[in-house]
Each structure stands twice: as C-alpha cells, then as structure tokens.
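Notes follow once the structure below has been shown.
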Amino acid sequence: MKFCIQSRLDPQSNELMGLARSYLEEFGLLFDEENPEIVISIGGDGTLLHAFHRFAHKLDKIAFVGIHTGHLGFYADWKPSELEKLVLSIAKKEYNVVEYPLLEVQVQRNNKESSTYLALNEATIKSPDVTLVMDVELNGNHFERFRGDGLCVSTPTGSTAYNKALGGAIIHPSLQAFQITEMASINNRVFRTVGSSLVLPAHHNCMLKPVNEQQFNMTIDHISVIETDVKAIIFNVANEKVRFARFRPFPFWERVHESFISDK
Ligand code: NAP
C-alpha cells in the first residue's frame, strides 16, 4: 500500500511525520507523494484542508486520516500518543472508508471561462469594503436580494467551522446537503433577507448573481481569490465525495460534544 503524509510543519508535527514514515516503511508500505492510497494529515483540521486540496484531483482513490497535534479536530481525531496503534491498523488494513459530501462551486464569468472548485468546509463570498449585493436564486427562482457582509455556503463537515461561528446549524455529515448562512445582512423596512440559515438537499442548487459590477472576495476553505466580472456563482452538492479512513467508532455527536461542550 502507498501512503503520503501532510504535516502542519511545526516541530511536533514534523517529528511525528518522521516517526510515522519510518514505522510504515518498516511494515513494507511505500511512501508515494503522487499516488497515495492513504494520506495521513498531522496538525489540525486546517492541515487536513491543505491535504484535501493537494489531492482534490484523485479523491476517489484516497482515504484521509488526521492526527491532531493541537486540540481535537473534526478531521484530525487521533492523538499523537496513538501513533503506533494507528500505524499498525493502517499496515493491517484494519479500517473502513466513510464518504462525506462536498460542495461544488461554479463561477461563471462574463468575458472569461468559468471555473469549478470543490470545497471540503465551505465557500464564502465577501465584499471587503462595500456592502455585498447579490440576488439569490434557489432552483432557478428568485428568493431574495441579499445585502450585507457576505454569505457562507458550507458542507455538512464544514458546518462546525466558519458556519457555526456565524450561527448556522450543525449538520450530520451523512446528510447529502449544503447550507447557506448569512454574514451581517442588512434588514430594515426597505431591505429584507430571510435571516435564517437555509439547508438545501442534493438535488437543489443555489445561484448568486452580483447586482452591481463589483469586485468581491471568494474563499474556498483556506484559499482566497478576488473575483471580478462574475455573471453567477452556482452551488451544488458535488458528485465527488471525500473519503475518510475510520479505524474505530467515534460518533459525530460525541465529537461535537467533546469539541464544543466538554471533553469528559
Ligand atoms: P485555520 O486556522 O486553519 O482554521 C481556523 C479554525 O477553524 C481552526 O481552529 C481550525 O481547526 C478550525 N476548523 C477548520 N475546519 C474545521 C471543521 N470542519 N470543524 C471545526 N473546526 C474547523 O484557518 P485557515 O487556514 O484560514 O482555514 C480556513 C478555515 O478556517 C475555513 O475553512 C473556515 O471554516 C475557518 N474559518 C473560521 C472562521 C471563524 O470561525 N470565524 C473565520 C474564517 C475561517 P484546527 O485548529 O484544528 O486547524
């Protein structure tokens, strides 16, 4: 079996990376940065986001697993002290693969080619200096004209990240869905938005259309781009899935409890 390791590059993560590599090679596994079957991320959830985007073009062939060198993560749920146990399970192939939904973001431009992105956590649309004004269409029907700081469109696994900080709901990752959450919408007697987060199923789509010719900032997980000349941005549940190697049960709601309520 071929493996690769993504480190956050701090001293502890690098030391664990060296240990994990030598243990796995002792078991006869091959270190392969081009075509790994398993990718071990060592750091935090942010490190796994980097690993995901590094291998986003081969998701059907790869299973990810995360070790956290800081606090417990949603993607990085193994402790450094469990490294040997994890290596043994990888070497013996004692794991299942679970698949979770991703967000597809298609940016259509007026005078340039369109681009398609995949997000593991979320995409955000923000206007840095002026109010963002976007028409929101759901399944081709006008829903609202949004005015405010921005919109966050998240996956179920990303619902515990930026979306949660914005007051969005936590969505179980077995649900094939995506969520649209507002950032500081303007609501008064003239301007109206729904105010609540919207959770859309896999067969629905959301289209944002800039109302004025404006420049805005778009993020796809940790990646940030400035967009101009945009005709529309379309969000869907992607056909691609992210695959995680699961070595033991760690129910999602327990993870939510340990991350946000108490670790006991
Ligand atoms: P980052 O420092 O890598 O991530 C910011 C924080 O979000 C970190 O504490 C990270 O955990 C945590 N996180 C990432 N994915 C998560 C998930 N699925 N569930 C729960 N927590 C999660 O910052 P970055 O490099 O810019 O990474 C981009 C991510 O940061 C975005 O995808 C976005 O979700 C998040 N973000 C959050 C806010 C906010 O909460 N107000 C604002 C901007 C961006 P680790 O410490 O384990 O890496």
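Going through the structure tokens in order, the chains are called A, B, and so on, while each chain numbers its residues from 1 and the ligands are numbered from 1 in the order shown.
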Excluding same-chain residues fewer than 5 positions from Ile62 (chain A), what lies within 8 Å of it counting only C-alpha atoms, as a PyMOL selection string? chain A and resi 36-39+243
With all heavy atoms retained, write the just-selected residues as a PDB file, in the first residue's frame.
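Listed below is the output, result_14.pdb:
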ATOM      1  N   PRO A  36      -0.836   8.280  -3.555  1.00  0.00           N
ATOM      2  CA  PRO A  36      -1.045   7.567  -2.289  1.00  0.00           C
ATOM      3  C   PRO A  36      -2.460   6.992  -2.213  1.00  0.00           C
ATOM      4  O   PRO A  36      -3.386   7.510  -2.832  1.00  0.00           O
ATOM      5  CB  PRO A  36      -0.853   8.659  -1.238  1.00  0.00           C
ATOM      6  CG  PRO A  36      -1.249   9.909  -1.942  1.00  0.00           C
ATOM      7  CD  PRO A  36      -0.877   9.736  -3.385  1.00  0.00           C
ATOM      8  N   GLU A  37      -2.600   5.908  -1.441  1.00  0.00           N
ATOM      9  CA  GLU A  37      -3.937   5.361  -1.196  1.00  0.00           C
ATOM     10  C   GLU A  37      -4.455   5.862   0.149  1.00  0.00           C
ATOM     11  O   GLU A  37      -5.656   5.908   0.381  1.00  0.00           O
ATOM     12  CB  GLU A  37      -3.876   3.827  -1.183  1.00  0.00           C
ATOM     13  CG  GLU A  37      -3.577   3.255  -2.556  1.00  0.00           C
ATOM     14  CD  GLU A  37      -2.908   1.898  -2.451  1.00  0.00           C
ATOM     15  OE1 GLU A  37      -3.631   0.902  -2.399  1.00  0.00           O
ATOM     16  OE2 GLU A  37      -1.657   1.845  -2.420  1.00  0.00           O
ATOM     17  N   ILE A  38      -3.512   6.207   1.020  1.00  0.00           N
ATOM     18  CA  ILE A  38      -3.918   6.780   2.302  1.00  0.00           C
ATOM     19  C   ILE A  38      -3.056   8.014   2.570  1.00  0.00           C
ATOM     20  O   ILE A  38      -1.841   7.989   2.325  1.00  0.00           O
ATOM     21  CB  ILE A  38      -3.862   5.729   3.440  1.00  0.00           C
ATOM     22  CG1 ILE A  38      -4.496   6.278   4.714  1.00  0.00           C
ATOM     23  CG2 ILE A  38      -2.466   5.222   3.723  1.00  0.00           C
ATOM     24  CD1 ILE A  38      -5.123   5.230   5.592  1.00  0.00           C
ATOM     25  N   VAL A  39      -3.689   9.094   3.003  1.00  0.00           N
ATOM     26  CA  VAL A  39      -2.972  10.334   3.306  1.00  0.00           C
ATOM     27  C   VAL A  39      -3.161  10.628   4.795  1.00  0.00           C
ATOM     28  O   VAL A  39      -4.295  10.742   5.269  1.00  0.00           O
ATOM     29  CB  VAL A  39      -3.487  11.506   2.446  1.00  0.00           C
ATOM     30  CG1 VAL A  39      -2.875  12.826   2.893  1.00  0.00           C
ATOM     31  CG2 VAL A  39      -3.178  11.262   0.971  1.00  0.00           C
ATOM     32  N   ARG A 243     -13.241  10.881   1.202  1.00  0.00           N
ATOM     33  CA  ARG A 243     -13.229   9.564   1.858  1.00  0.00           C
ATOM     34  C   ARG A 243     -12.315   9.628   3.080  1.00  0.00           C
ATOM     35  O   ARG A 243     -11.172  10.084   2.980  1.00  0.00           O
ATOM     36  CB  ARG A 243     -12.746   8.495   0.874  1.00  0.00           C
ATOM     37  CG  ARG A 243     -13.600   8.468  -0.391  1.00  0.00           C
ATOM     38  CD  ARG A 243     -12.940   7.689  -1.509  1.00  0.00           C
ATOM     39  NE  ARG A 243     -13.060   6.265  -1.334  1.00  0.00           N
ATOM     40  CZ  ARG A 243     -12.049   5.430  -1.195  1.00  0.00           C
ATOM     41  NH1 ARG A 243     -10.804   5.870  -1.214  1.00  0.00           N
ATOM     42  NH2 ARG A 243     -12.257   4.142  -1.054  1.00  0.00           N
TER      43      ARG A 243
END
Contacts of Gly148 (chain A) within 9 Å, only C-alpha atoms, excl. fewer than 2 positions in-chain, as a PyMOL selection string: chain A and resi 126-127+130-133+146+150-151+182-187
Written selection (C-alpha atoms) as a short mmCIF file (atom, residue, chain, number, x, y, z; two decimals), in the first residue's frame:
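Here's the written file again.cif:
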data_model
loop_
_atom_site.label_atom_id
_atom_site.label_comp_id
_atom_site.auth_asym_id
_atom_site.auth_seq_id
_atom_site.Cartn_x
_atom_site.Cartn_y
_atom_site.Cartn_z
CA LYS A 126 -17.50 38.67 0.94
CA SER A 127 -17.10 42.24 -0.08
CA VAL A 130 -18.65 47.98 0.47
CA THR A 131 -21.94 46.17 1.05
CA LEU A 132 -22.20 42.95 -0.93
CA VAL A 133 -25.36 42.96 -3.04
CA PHE A 146 -29.02 39.90 -0.16
CA GLY A 150 -21.39 38.19 2.79
CA LEU A 151 -22.67 34.64 2.52
CA GLU A 182 -25.72 34.99 6.19
CA MET A 183 -22.98 37.32 7.41
CA ALA A 184 -24.44 40.51 8.89
CA SER A 185 -27.35 41.01 6.49
CA ILE A 186 -28.98 44.44 6.32
CA ASN A 187 -32.58 44.13 7.42
#
Protein and nucleic acid residues within 8 Å of ligand 1 (only C-alpha atoms and all ligand atoms) as a PyMOL selection string: chain A and resi 43-49+68+70-76+120-123+157-166+220-223
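Nearest-residue note for Asp149 (chain A): choosing from A:Phe244, A:Tyr23, A:Phe216, A:Tyr95, the minimum distance belongs to A:Phe216, counting only C-alpha atoms.
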Calculate how many Å separate CA of Val242 (chain A) from CA of Ile90 (chain A), rounding to one decimal. 18.3 Å
Select from region 146-214 of chain A everything DSSP, run on the backbone, classes as strand (DSSP E), then give the selection as a ChimeraX atom specification. /A:146-154,177-185,198-201,206-210
Please identify all polymer residues within 9 Å of Leu30 (chain A), counting only C-alpha atoms, omitting same-chain residues fewer than 5 positions from it, and present them as a VMD selection string. chain A and resid 1 to 4 24 to 25 36
